[in-house]
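With PDB, C-alpha atoms inside, this is start-v7.pdb:
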ATOM      1  CA  MET A   1     102.780 108.730  72.712
ATOM      2  CA  THR A   2      99.676 110.243  71.186
ATOM      3  CA  LEU A   3      98.125 109.215  67.875
ATOM      4  CA  ASP A   4      96.302 110.945  65.075
ATOM      5  CA  LEU A   5      94.514 107.789  63.917
ATOM      6  CA  LEU A   6      93.735 104.551  65.773
ATOM      7  CA  ALA A   7      92.086 101.502  64.186
ATOM      8  CA  ILE A   8      90.304  99.135  66.586
ATOM      9  CA  ALA A   9      89.316  95.609  65.543
ATOM     10  CA  ALA A  10      88.485  92.227  67.020
ATOM     11  CA  HIS A  11      91.311  90.077  65.638
ATOM     12  CA  PRO A  12      94.815  90.373  64.222
ATOM     13  CA  ASP A  13      94.424  90.745  60.418
ATOM     14  CA  ASP A  14      90.994  92.474  60.604
ATOM     15  CA  VAL A  15      92.534  95.935  60.256
ATOM     16  CA  GLU A  16      94.763  94.876  57.360
ATOM     17  CA  LEU A  17      91.775  93.531  55.432
ATOM     18  CA  THR A  18      89.453  96.476  55.997
ATOM     19  CA  CYS A  19      91.495  99.673  56.345
ATOM     20  CA  GLY A  20      95.173  98.778  56.030
ATOM     21  CA  GLY A  21      95.638 100.899  52.926
ATOM     22  CA  THR A  22      94.155 103.945  54.623
ATOM     23  CA  LEU A  23      96.355 103.514  57.696
ATOM     24  CA  LEU A  24      99.411 103.293  55.462
ATOM     25  CA  LYS A  25      98.346 106.318  53.411
ATOM     26  CA  MET A  26      97.930 108.404  56.565
ATOM     27  CA  ALA A  27     101.303 107.236  57.919
ATOM     28  CA  GLN A  28     102.935 108.199  54.630
ATOM     29  CA  ALA A  29     101.305 111.624  54.951
ATOM     30  CA  GLY A  30     103.085 112.103  58.276
ATOM     31  CA  TYR A  31     100.305 111.194  60.703
ATOM     32  CA  ALA A  32     100.885 109.006  63.759
ATOM     33  CA  THR A  33      98.817 105.839  63.347
ATOM     34  CA  GLY A  34      98.145 102.798  65.509
ATOM     35  CA  ILE A  35      96.229  99.538  65.786
ATOM     36  CA  LEU A  36      94.393  98.109  68.797
ATOM     37  CA  ASP A  37      93.494  94.422  68.472
ATOM     38  CA  LEU A  38      90.951  93.337  71.077
ATOM     39  CA  THR A  39      91.764  89.592  71.005
ATOM     40  CA  ARG A  40      94.745  87.408  70.143
ATOM     41  CA  GLY A  41      92.714  85.251  67.749
ATOM     42  CA  GLU A  42      93.284  82.165  69.868
ATOM     43  CA  MET A  43      90.034  80.498  68.779
ATOM     44  CA  GLY A  44      90.923  80.592  65.093
ATOM     45  CA  THR A  45      90.871  77.267  63.280
ATOM     46  CA  ARG A  46      94.360  77.961  61.958
ATOM     47  CA  GLY A  47      97.539  79.167  63.596
ATOM     48  CA  ASP A  48      98.178  79.872  67.273
ATOM     49  CA  VAL A  49      98.616  82.895  69.526
ATOM     50  CA  GLU A  50     102.394  83.194  69.142
ATOM     51  CA  THR A  51     102.274  82.765  65.367
ATOM     52  CA  ARG A  52      99.591  85.403  65.002
ATOM     53  CA  ARG A  53     101.497  87.750  67.313
ATOM     54  CA  ARG A  54     104.544  87.542  65.044
ATOM     55  CA  GLU A  55     102.388  87.971  61.947
ATOM     56  CA  ALA A  56     100.678  91.037  63.414
ATOM     57  CA  ALA A  57     104.016  92.618  64.325
ATOM     58  CA  ALA A  58     105.360  92.052  60.805
ATOM     59  CA  ALA A  59     102.216  93.509  59.231
ATOM     60  CA  ALA A  60     102.386  96.546  61.514
ATOM     61  CA  ARG A  61     105.908  97.307  60.318
ATOM     62  CA  ILE A  62     104.788  97.167  56.690
ATOM     63  CA  LEU A  63     101.873  99.514  57.421
ATOM     64  CA  ARG A  64     104.262 101.845  59.291
ATOM     65  CA  VAL A  65     102.070 102.169  62.360
ATOM     66  CA  ARG A  66     103.684 103.767  65.399
ATOM     67  CA  LEU A  67     102.015 101.416  67.847
ATOM     68  CA  ARG A  68     100.178  98.095  67.889
ATOM     69  CA  GLU A  69      98.625  96.831  71.114
ATOM     70  CA  ASN A  70      96.491  93.834  72.022
ATOM     71  CA  LEU A  71      94.019  93.852  74.921
ATOM     72  CA  GLY A  72      93.931  90.046  75.160
ATOM     73  CA  LEU A  73      90.156  89.859  75.483
ATOM     74  CA  PRO A  74      88.593  86.410  74.878
ATOM     75  CA  ASP A  75      88.388  85.508  71.187
ATOM     76  CA  ALA A  76      84.963  84.328  69.947
ATOM     77  CA  ARG A  77      83.558  85.388  73.332
ATOM     78  CA  LEU A  78      83.805  89.157  73.120
ATOM     79  CA  THR A  79      81.234  90.833  75.337
ATOM     80  CA  ALA A  80      80.452  94.516  75.614
ATOM     81  CA  ASP A  81      80.846  94.381  79.377
ATOM     82  CA  GLU A  82      82.188  97.097  81.660
ATOM     83  CA  ASP A  83      85.711  95.654  81.885
ATOM     84  CA  SER A  84      86.100  95.481  78.109
ATOM     85  CA  LYS A  85      84.808  98.998  77.536
ATOM     86  CA  LEU A  86      86.983 100.416  80.294
ATOM     87  CA  ALA A  87      90.013  98.655  78.804
ATOM     88  CA  VAL A  88      89.409 100.510  75.541
ATOM     89  CA  ALA A  89      88.730 103.761  77.413
ATOM     90  CA  ARG A  90      92.136 103.514  79.088
ATOM     91  CA  VAL A  91      93.830 103.194  75.710
ATOM     92  CA  ILE A  92      91.860 106.143  74.325
ATOM     93  CA  ARG A  93      92.883 108.328  77.242
ATOM     94  CA  ALA A  94      96.493 107.272  76.914
ATOM     95  CA  LEU A  95      96.827 107.647  73.130
ATOM     96  CA  ARG A  96      94.306 110.501  72.601
ATOM     97  CA  PRO A  97      93.615 109.716  68.916
ATOM     98  CA  HIS A  98      91.917 112.436  66.899
ATOM     99  CA  CYS A  99      90.206 109.811  64.743
ATOM    100  CA  VAL A 100      89.190 106.198  65.473
ATOM    101  CA  ILE A 101      88.277 103.518  62.926
ATOM    102  CA  LEU A 102      85.832 100.825  64.075
ATOM    103  CA  PRO A 103      84.284  97.771  62.407
ATOM    104  CA  TYR A 104      80.814  98.201  60.929
ATOM    105  CA  TRP A 105      78.138  97.447  63.541
ATOM    106  CA  GLU A 106      76.588  94.484  61.663
ATOM    107  CA  ALA A 107      78.597  91.386  60.746
ATOM    108  CA  ARG A 108      78.558  87.611  60.395
ATOM    109  CA  HIS A 109      81.127  87.124  63.166
ATOM    110  CA  PRO A 110      79.765  88.162  66.601
ATOM    111  CA  ASP A 111      83.197  89.460  67.614
ATOM    112  CA  HIS A 112      83.155  91.999  64.786
ATOM    113  CA  TYR A 113      79.902  93.728  65.682
ATOM    114  CA  THR A 114      80.699  93.412  69.395
ATOM    115  CA  ALA A 115      84.079  95.055  68.774
ATOM    116  CA  SER A 116      82.215  97.960  67.181
ATOM    117  CA  GLN A 117      80.080  98.402  70.290
ATOM    118  CA  ILE A 118      83.014  98.030  72.678
ATOM    119  CA  GLY A 119      85.024 100.534  70.659
ATOM    120  CA  TYR A 120      82.289 103.156  70.480
ATOM    121  CA  GLU A 121      81.290 102.909  74.134
ATOM    122  CA  GLY A 122      84.937 102.851  75.206
ATOM    123  CA  CYS A 123      85.492 106.106  73.303
ATOM    124  CA  PHE A 124      82.450 107.615  74.997
ATOM    125  CA  LEU A 125      83.451 106.521  78.494
ATOM    126  CA  ALA A 126      86.947 107.903  78.025
ATOM    127  CA  GLY A 127      85.457 111.399  77.957
ATOM    128  CA  LEU A 128      83.580 111.191  81.247
ATOM    129  CA  LYS A 129      85.228 113.540  83.720
ATOM    130  CA  ARG A 130      83.914 111.740  86.802
ATOM    131  CA  LEU A 131      84.910 108.274  85.637
ATOM    132  CA  ALA A 132      87.498 106.812  88.004
ATOM    133  CA  LEU A 133      90.030 105.999  85.322
ATOM    134  CA  LYS A 134      93.685 106.939  84.938
ATOM    135  CA  GLY A 135      94.381 109.805  82.570
ATOM    136  CA  GLU A 136      92.676 113.013  81.510
ATOM    137  CA  PRO A 137      89.170 112.770  80.004
ATOM    138  CA  PHE A 138      89.310 112.588  76.220
ATOM    139  CA  ARG A 139      87.106 111.623  73.276
ATOM    140  CA  PRO A 140      88.144 111.204  69.641
ATOM    141  CA  PHE A 141      86.822 113.912  67.326
ATOM    142  CA  LYS A 142      85.832 111.514  64.549
ATOM    143  CA  ILE A 143      84.714 107.880  64.403
ATOM    144  CA  LEU A 144      84.778 106.061  61.065
ATOM    145  CA  TYR A 145      83.320 102.632  60.337
ATOM    146  CA  THR A 146      84.894 100.239  57.856
ATOM    147  CA  THR A 147      82.364  98.742  55.428
ATOM    148  CA  ALA A 148      84.518  96.702  53.028
ATOM    149  CA  TYR A 149      82.679  93.454  53.763
ATOM    150  CA  ALA A 150      79.282  94.952  54.642
ATOM    151  CA  HIS A 151      76.432  95.276  52.180
ATOM    152  CA  VAL A 152      75.941  98.992  52.693
ATOM    153  CA  ARG A 153      76.718 102.068  50.625
ATOM    154  CA  PRO A 154      79.733 103.868  52.105
ATOM    155  CA  THR A 155      79.799 107.557  52.934
ATOM    156  CA  PHE A 156      83.169 107.934  51.229
ATOM    157  CA  VAL A 157      85.992 105.903  49.722
ATOM    158  CA  VAL A 158      89.728 106.434  50.204
ATOM    159  CA  ASP A 159      91.963 106.047  47.151
ATOM    160  CA  ILE A 160      94.584 103.429  48.114
ATOM    161  CA  THR A 161      95.930 102.769  44.631
ATOM    162  CA  ARG A 162      99.498 103.660  45.619
ATOM    163  CA  GLN A 163      99.202 101.743  48.885
ATOM    164  CA  PHE A 164      97.549  98.600  47.522
ATOM    165  CA  ASP A 165     100.669  96.511  46.880
ATOM    166  CA  ARG A 166     102.090  97.276  50.298
ATOM    167  CA  ARG A 167      98.730  96.541  51.924
ATOM    168  CA  ALA A 168      98.732  93.183  50.113
ATOM    169  CA  ARG A 169     102.169  92.467  51.583
ATOM    170  CA  ALA A 170     100.828  93.235  55.064
ATOM    171  CA  ILE A 171      97.913  90.849  54.568
ATOM    172  CA  ALA A 172     100.302  88.190  53.240
ATOM    173  CA  CYS A 173     102.146  88.335  56.579
ATOM    174  CA  TYR A 174      99.298  86.226  57.966
ATOM    175  CA  GLY A 175     100.525  83.018  56.395
ATOM    176  CA  SER A 176      98.769  80.926  59.027
ATOM    177  CA  GLN A 177      95.441  82.316  57.802
ATOM    178  CA  PHE A 178      95.894  82.822  54.059
ATOM    179  CA  ARG A 179      98.607  80.295  53.152
ATOM    180  CA  PRO A 180      97.675  77.345  55.384
ATOM    181  CA  LYS A 181      99.564  74.083  55.486
ATOM    182  CA  ARG A 182      98.078  71.162  53.578
ATOM    183  CA  ALA A 183      96.721  69.570  56.769
ATOM    184  CA  ASP A 184      94.947  72.802  57.735
ATOM    185  CA  ARG A 185      93.348  73.106  54.293
ATOM    186  CA  LYS A 186      91.612  69.757  54.809
ATOM    187  CA  SER A 187      89.516  71.138  57.677
ATOM    188  CA  LYS A 188      85.807  70.451  57.208
ATOM    189  CA  VAL A 189      84.957  73.722  58.967
ATOM    190  CA  HIS A 190      83.762  76.522  56.676
ATOM    191  CA  ILE A 191      86.402  79.237  56.939
ATOM    192  CA  PRO A 192      85.386  82.558  55.341
ATOM    193  CA  LEU A 193      89.067  83.558  55.264
ATOM    194  CA  ASP A 194      89.480  81.329  52.212
ATOM    195  CA  ARG A 195      86.927  83.449  50.383
ATOM    196  CA  LEU A 196      88.118  86.770  51.808
ATOM    197  CA  SER A 197      91.662  86.353  50.573
ATOM    198  CA  GLY A 198      90.321  85.856  47.071
ATOM    199  CA  GLN A 199      87.964  88.825  47.374
ATOM    200  CA  MET A 200      90.641  91.243  48.554
ATOM    201  CA  GLU A 201      91.591  92.686  45.181
ATOM    202  CA  LEU A 202      88.070  92.400  43.810
ATOM    203  CA  LEU A 203      86.602  94.513  46.600
ATOM    204  CA  ALA A 204      89.355  97.107  46.406
ATOM    205  CA  ARG A 205      88.798  97.345  42.640
ATOM    206  CA  HIS A 206      85.041  97.641  43.147
ATOM    207  CA  TYR A 207      85.310 100.520  45.603
ATOM    208  CA  GLY A 208      88.041 102.127  43.531
ATOM    209  CA  GLU A 209      85.752 102.115  40.499
ATOM    210  CA  MET A 210      83.095 103.903  42.542
ATOM    211  CA  ILE A 211      85.374 106.955  42.770
ATOM    212  CA  GLY A 212      87.202 106.593  39.454
ATOM    213  CA  VAL A 213      90.491 105.136  40.727
ATOM    214  CA  ARG A 214      92.019 101.669  40.650
ATOM    215  CA  TYR A 215      91.757 100.645  44.323
ATOM    216  CA  GLY A 216      89.741 102.005  47.251
ATOM    217  CA  GLU A 217      88.682 101.365  50.843
ATOM    218  CA  PRO A 218      85.138 102.304  51.937
ATOM    219  CA  PHE A 219      84.039 104.004  55.153
ATOM    220  CA  LEU A 220      80.793 105.136  56.721
ATOM    221  CA  VAL A 221      80.081 107.882  59.240
ATOM    222  CA  LYS A 222      76.847 108.372  61.171
ATOM    223  CA  GLU A 223      76.909 112.155  60.998
ATOM    224  CA  LEU A 224      76.633 114.391  57.933
ATOM    225  CA  MET A 225      79.801 115.457  56.135
ATOM    226  CA  GLN A 226      80.535 119.181  55.947
ATOM    227  CA  VAL A 227      81.797 120.770  52.735
ATOM    228  CA  GLU A 228      83.391 124.228  52.597
ATOM    229  CA  ASP A 229      84.222 124.514  48.897
ATOM    230  CA  VAL A 230      81.810 122.791  46.500
ATOM    231  CA  LEU A 231      84.118 123.599  43.586
ATOM    232  CA  ARG A 232      86.846 121.332  44.961
ATOM    233  CA  LEU A 233      84.703 118.212  45.409
ATOM    234  CA  PRO A 234      86.392 115.151  43.850
ATOM    235  CA  VAL A 235      84.810 112.388  41.690
ATOM    236  CA  ARG A 236      82.968 113.307  38.502
ATOM    237  CA  SER A 237      79.172 113.366  38.446
ATOM    238  CA  ILE A 238      78.834 112.814  34.670
TER
END
Using structure tokens, write down the structure from this file.
Amino acid sequence: MTLDLLAIAAHPDDVELTCGGTLLKMAQAGYATGILDLTRGEMGTRGDVETRRREAAAAARILRVRLRENLGLPDARLTADEDSKLAVARVIRALRPHCVILPYWEARHPDHYTASQIGYEGCFLAGLKRLALKGEPFRPFKILYTTAYAHVRPTFVVDITRQFDRRARAIACYGSQFRPKRADRKSKVHIPLDRLSGQMELLARHYGEMIGVRYGEPFLVKELMQVEDVLRLPVRSI
């Protein structure tokens, strides 16, 4: 199997929260999409590995991804070491995605910014001809960074108005995280997930307003964007 679009993130539910609507929109357009979770989320305050595995599988079906894999790297202890980067490189060579989505490279959670580094360097290594790794050398053409929870101005925003309700259903699959049992809610540990679930619609509305639609998901690229026809540029200036 080869993919058109692959989203890489640290934990199950990260992709759903940051770019789930875009993945769904691309799948609905006929593209082959996939998700690569780096860890199983075993260090999370809520839930357990098996519960989160089932939740991730259910969410993947709602988002219509062709493939969801998990590398099983250590949660809360992600390190951009050679083994981790080579693990991603193997997946890149096997799936040959044209486009890869990574987390933004600055974040509160160390796993998130480390996942960004592992993902980028894994994509780079996958293209080295002399690297002793199974598969033909390959690098994605485009790398996008999700910025939904980063305080940066995105390069562009994807209209996910038609995908928003289904994306919300995918996020709701993670009941262990967003609909915790009463005992779990009494935890004295600060869990940003409690705030994120409430921010979900607010953020999507915010980024949607930036481009004149109801809901949006923001992305950033490091390189300049090329435009062929300036008369077909969307979003009004005045």
* Contacts of A:Gly216 at 7 Å (only C-alpha atoms; same-chain gap of 5+ positions) as a PyMOL selection string -> chain A and resi 157-161+204-205+207-208
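The shortest atom-to-atom distance to A:Gly41, with all atoms listed in the file taken into account, belongs to A:Pro74 out of A:Pro74, A:Gly212, A:Gly135, A:Pro110.
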Would you write out, as a compact mmCIF listing (two decimals) with C-alpha atoms, in the frame of the given file, every residue that the PyMOL selection byres ((chain A and resi 13-16) around 10) captures in this file?
# COMPACT_ATOMS: atom_id res chain seq x y z
CA ALA A 7 92.09 101.50 64.19
CA ILE A 8 90.30 99.14 66.59
CA ALA A 9 89.32 95.61 65.54
CA ALA A 10 88.48 92.23 67.02
CA HIS A 11 91.31 90.08 65.64
CA PRO A 12 94.82 90.37 64.22
CA LEU A 17 91.78 93.53 55.43
CA THR A 18 89.45 96.48 56.00
CA CYS A 19 91.50 99.67 56.34
CA GLY A 20 95.17 98.78 56.03
CA GLY A 21 95.64 100.90 52.93
CA THR A 22 94.16 103.94 54.62
CA LEU A 23 96.36 103.51 57.70
CA LEU A 24 99.41 103.29 55.46
CA ILE A 35 96.23 99.54 65.79
CA LEU A 36 94.39 98.11 68.80
CA ASP A 37 93.49 94.42 68.47
CA GLY A 41 92.71 85.25 67.75
CA ARG A 52 99.59 85.40 65.00
CA GLU A 55 102.39 87.97 61.95
CA ALA A 56 100.68 91.04 63.41
CA ALA A 59 102.22 93.51 59.23
CA ALA A 60 102.39 96.55 61.51
CA LEU A 63 101.87 99.51 57.42
CA ILE A 101 88.28 103.52 62.93
CA LEU A 102 85.83 100.82 64.08
CA PRO A 103 84.28 97.77 62.41
CA HIS A 112 83.16 92.00 64.79
CA THR A 146 84.89 100.24 57.86
CA ARG A 167 98.73 96.54 51.92
CA ALA A 168 98.73 93.18 50.11
CA ARG A 169 102.17 92.47 51.58
CA ALA A 170 100.83 93.24 55.06
CA ILE A 171 97.91 90.85 54.57
CA ALA A 172 100.30 88.19 53.24
CA CYS A 173 102.15 88.34 56.58
CA TYR A 174 99.30 86.23 57.97
CA GLN A 177 95.44 82.32 57.80
* Exercise: A:Ala107 partners within 12 Å, all atoms listed in the file, chain neighbours under 4 positions left out, as a list in words -> Ala10, Pro103, Asp111, His112, Tyr113, Thr114, Ala115, Ser116, Gln117, Thr146, Thr147, Ala148, Tyr149, Ala150, His151 and Val152 of chain A
Write a file of the just-selected residues containing C-alpha atoms, as a PDB file, in the frame of the given file.
ATOM      1  CA  ALA A  10      88.485  92.227  67.020  1.00  0.00           C
ATOM      2  CA  PRO A 103      84.284  97.771  62.407  1.00  0.00           C
ATOM      3  CA  ASP A 111      83.197  89.460  67.614  1.00  0.00           C
ATOM      4  CA  HIS A 112      83.155  91.999  64.786  1.00  0.00           C
ATOM      5  CA  TYR A 113      79.902  93.728  65.682  1.00  0.00           C
ATOM      6  CA  THR A 114      80.699  93.412  69.395  1.00  0.00           C
ATOM      7  CA  ALA A 115      84.079  95.055  68.774  1.00  0.00           C
ATOM      8  CA  SER A 116      82.215  97.960  67.181  1.00  0.00           C
ATOM      9  CA  GLN A 117      80.080  98.402  70.290  1.00  0.00           C
ATOM     10  CA  THR A 146      84.894 100.239  57.856  1.00  0.00           C
ATOM     11  CA  THR A 147      82.364  98.742  55.428  1.00  0.00           C
ATOM     12  CA  ALA A 148      84.518  96.702  53.028  1.00  0.00           C
ATOM     13  CA  TYR A 149      82.679  93.454  53.763  1.00  0.00           C
ATOM     14  CA  ALA A 150      79.282  94.952  54.642  1.00  0.00           C
ATOM     15  CA  HIS A 151      76.432  95.276  52.180  1.00  0.00           C
ATOM     16  CA  VAL A 152      75.941  98.992  52.693  1.00  0.00           C
TER      17      VAL A 152
END
When the PyMOL selection byres ((chain A and resi 143) around 10) is applied to the structure above, which residues does it catch, written out as an mmCIF file with C-alpha atoms, keeping the file's coordinate frame?
data_model
loop_
_atom_site.group_PDB
_atom_site.id
_atom_site.type_symbol
_atom_site.label_atom_id
_atom_site.label_comp_id
_atom_site.auth_asym_id
_atom_site.auth_seq_id
_atom_site.Cartn_x
_atom_site.Cartn_y
_atom_site.Cartn_z
ATOM 1 C CA LEU A 5 94.514 107.789 63.917
ATOM 2 C CA LEU A 6 93.735 104.551 65.773
ATOM 3 C CA ALA A 7 92.086 101.502 64.186
ATOM 4 C CA HIS A 98 91.917 112.436 66.899
ATOM 5 C CA CYS A 99 90.206 109.811 64.743
ATOM 6 C CA VAL A 100 89.190 106.198 65.473
ATOM 7 C CA ILE A 101 88.277 103.518 62.926
ATOM 8 C CA LEU A 102 85.832 100.825 64.075
ATOM 9 C CA GLY A 119 85.024 100.534 70.659
ATOM 10 C CA TYR A 120 82.289 103.156 70.480
ATOM 11 C CA CYS A 123 85.492 106.106 73.303
ATOM 12 C CA ARG A 139 87.106 111.623 73.276
ATOM 13 C CA PRO A 140 88.144 111.204 69.641
ATOM 14 C CA PHE A 141 86.822 113.912 67.326
ATOM 15 C CA LYS A 142 85.832 111.514 64.549
ATOM 16 C CA LEU A 144 84.778 106.061 61.065
ATOM 17 C CA TYR A 145 83.320 102.632 60.337
ATOM 18 C CA LEU A 220 80.793 105.136 56.721
ATOM 19 C CA VAL A 221 80.081 107.882 59.240
ATOM 20 C CA LYS A 222 76.847 108.372 61.171
ATOM 21 C CA GLU A 223 76.909 112.155 60.998
#
* Asked: What gap, in Å, lies between atom CA of A:Ala27 and atom CA of A:Arg64?
  ->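 Spanning atom CA of A:Ala27 to atom CA of A:Arg64 is a straight-line distance of 6.3 Å.
For the pair atom CA of A:Leu231 and atom CA of A:Met26, the separation is 24.3 Å.
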* Asked: With only C-alpha atoms as the atoms that count, which of A:Phe156, A:Gln199, A:Val230, A:Phe138 lies nearest to A:Glu217?
  ->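 Of all the options, A:Phe156 lies closest to A:Glu217.
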* **Residues returned when the PyMOL selection byres ((chain A and resi 75-88) around 6) runs on this file, as a PyMOL selection string** => chain A and resi 39+41+43+74+89-91+111+118+122
* Identify which of the residues A:Leu95, A:Ala29, A:Met210, A:Ala126 lies closest to A:Glu69, counting all atoms listed in the file when measuring atom-to-atom distances. =>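 Answer, going by the shortest atom-to-atom distance: A:Leu95.
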* Kindly indicate which residue among A:Ile238, A:Ser176, A:Arg130, A:Arg214 lies nearest to A:Glu50, using only C-alpha atoms for the distances. =>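 That would be A:Ser176, the residue with the smallest distance to A:Glu50.
For the pair atom CA of A:Leu71 and atom CA of A:Gly34, the interatomic distance is 13.6 Å.
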Around all the atoms of stretch 92-105 of chain A listed in the file, with 5 Å of room on each side, what axis-aligned box do you get, giving centre and edge lengths in Å to one decimal, as AutoDock Vina command-line options?
--center_x 87.5 --center_y 104.9 --center_z 69.1 --size_x 28.7 --size_y 25.0 --size_z 26.3
* Structure fact -> If you count all atoms listed in the file, the residue of A:Met1, A:Leu125, A:Leu233, A:Ala57 closest to A:Pro97 turns out to be A:Met1
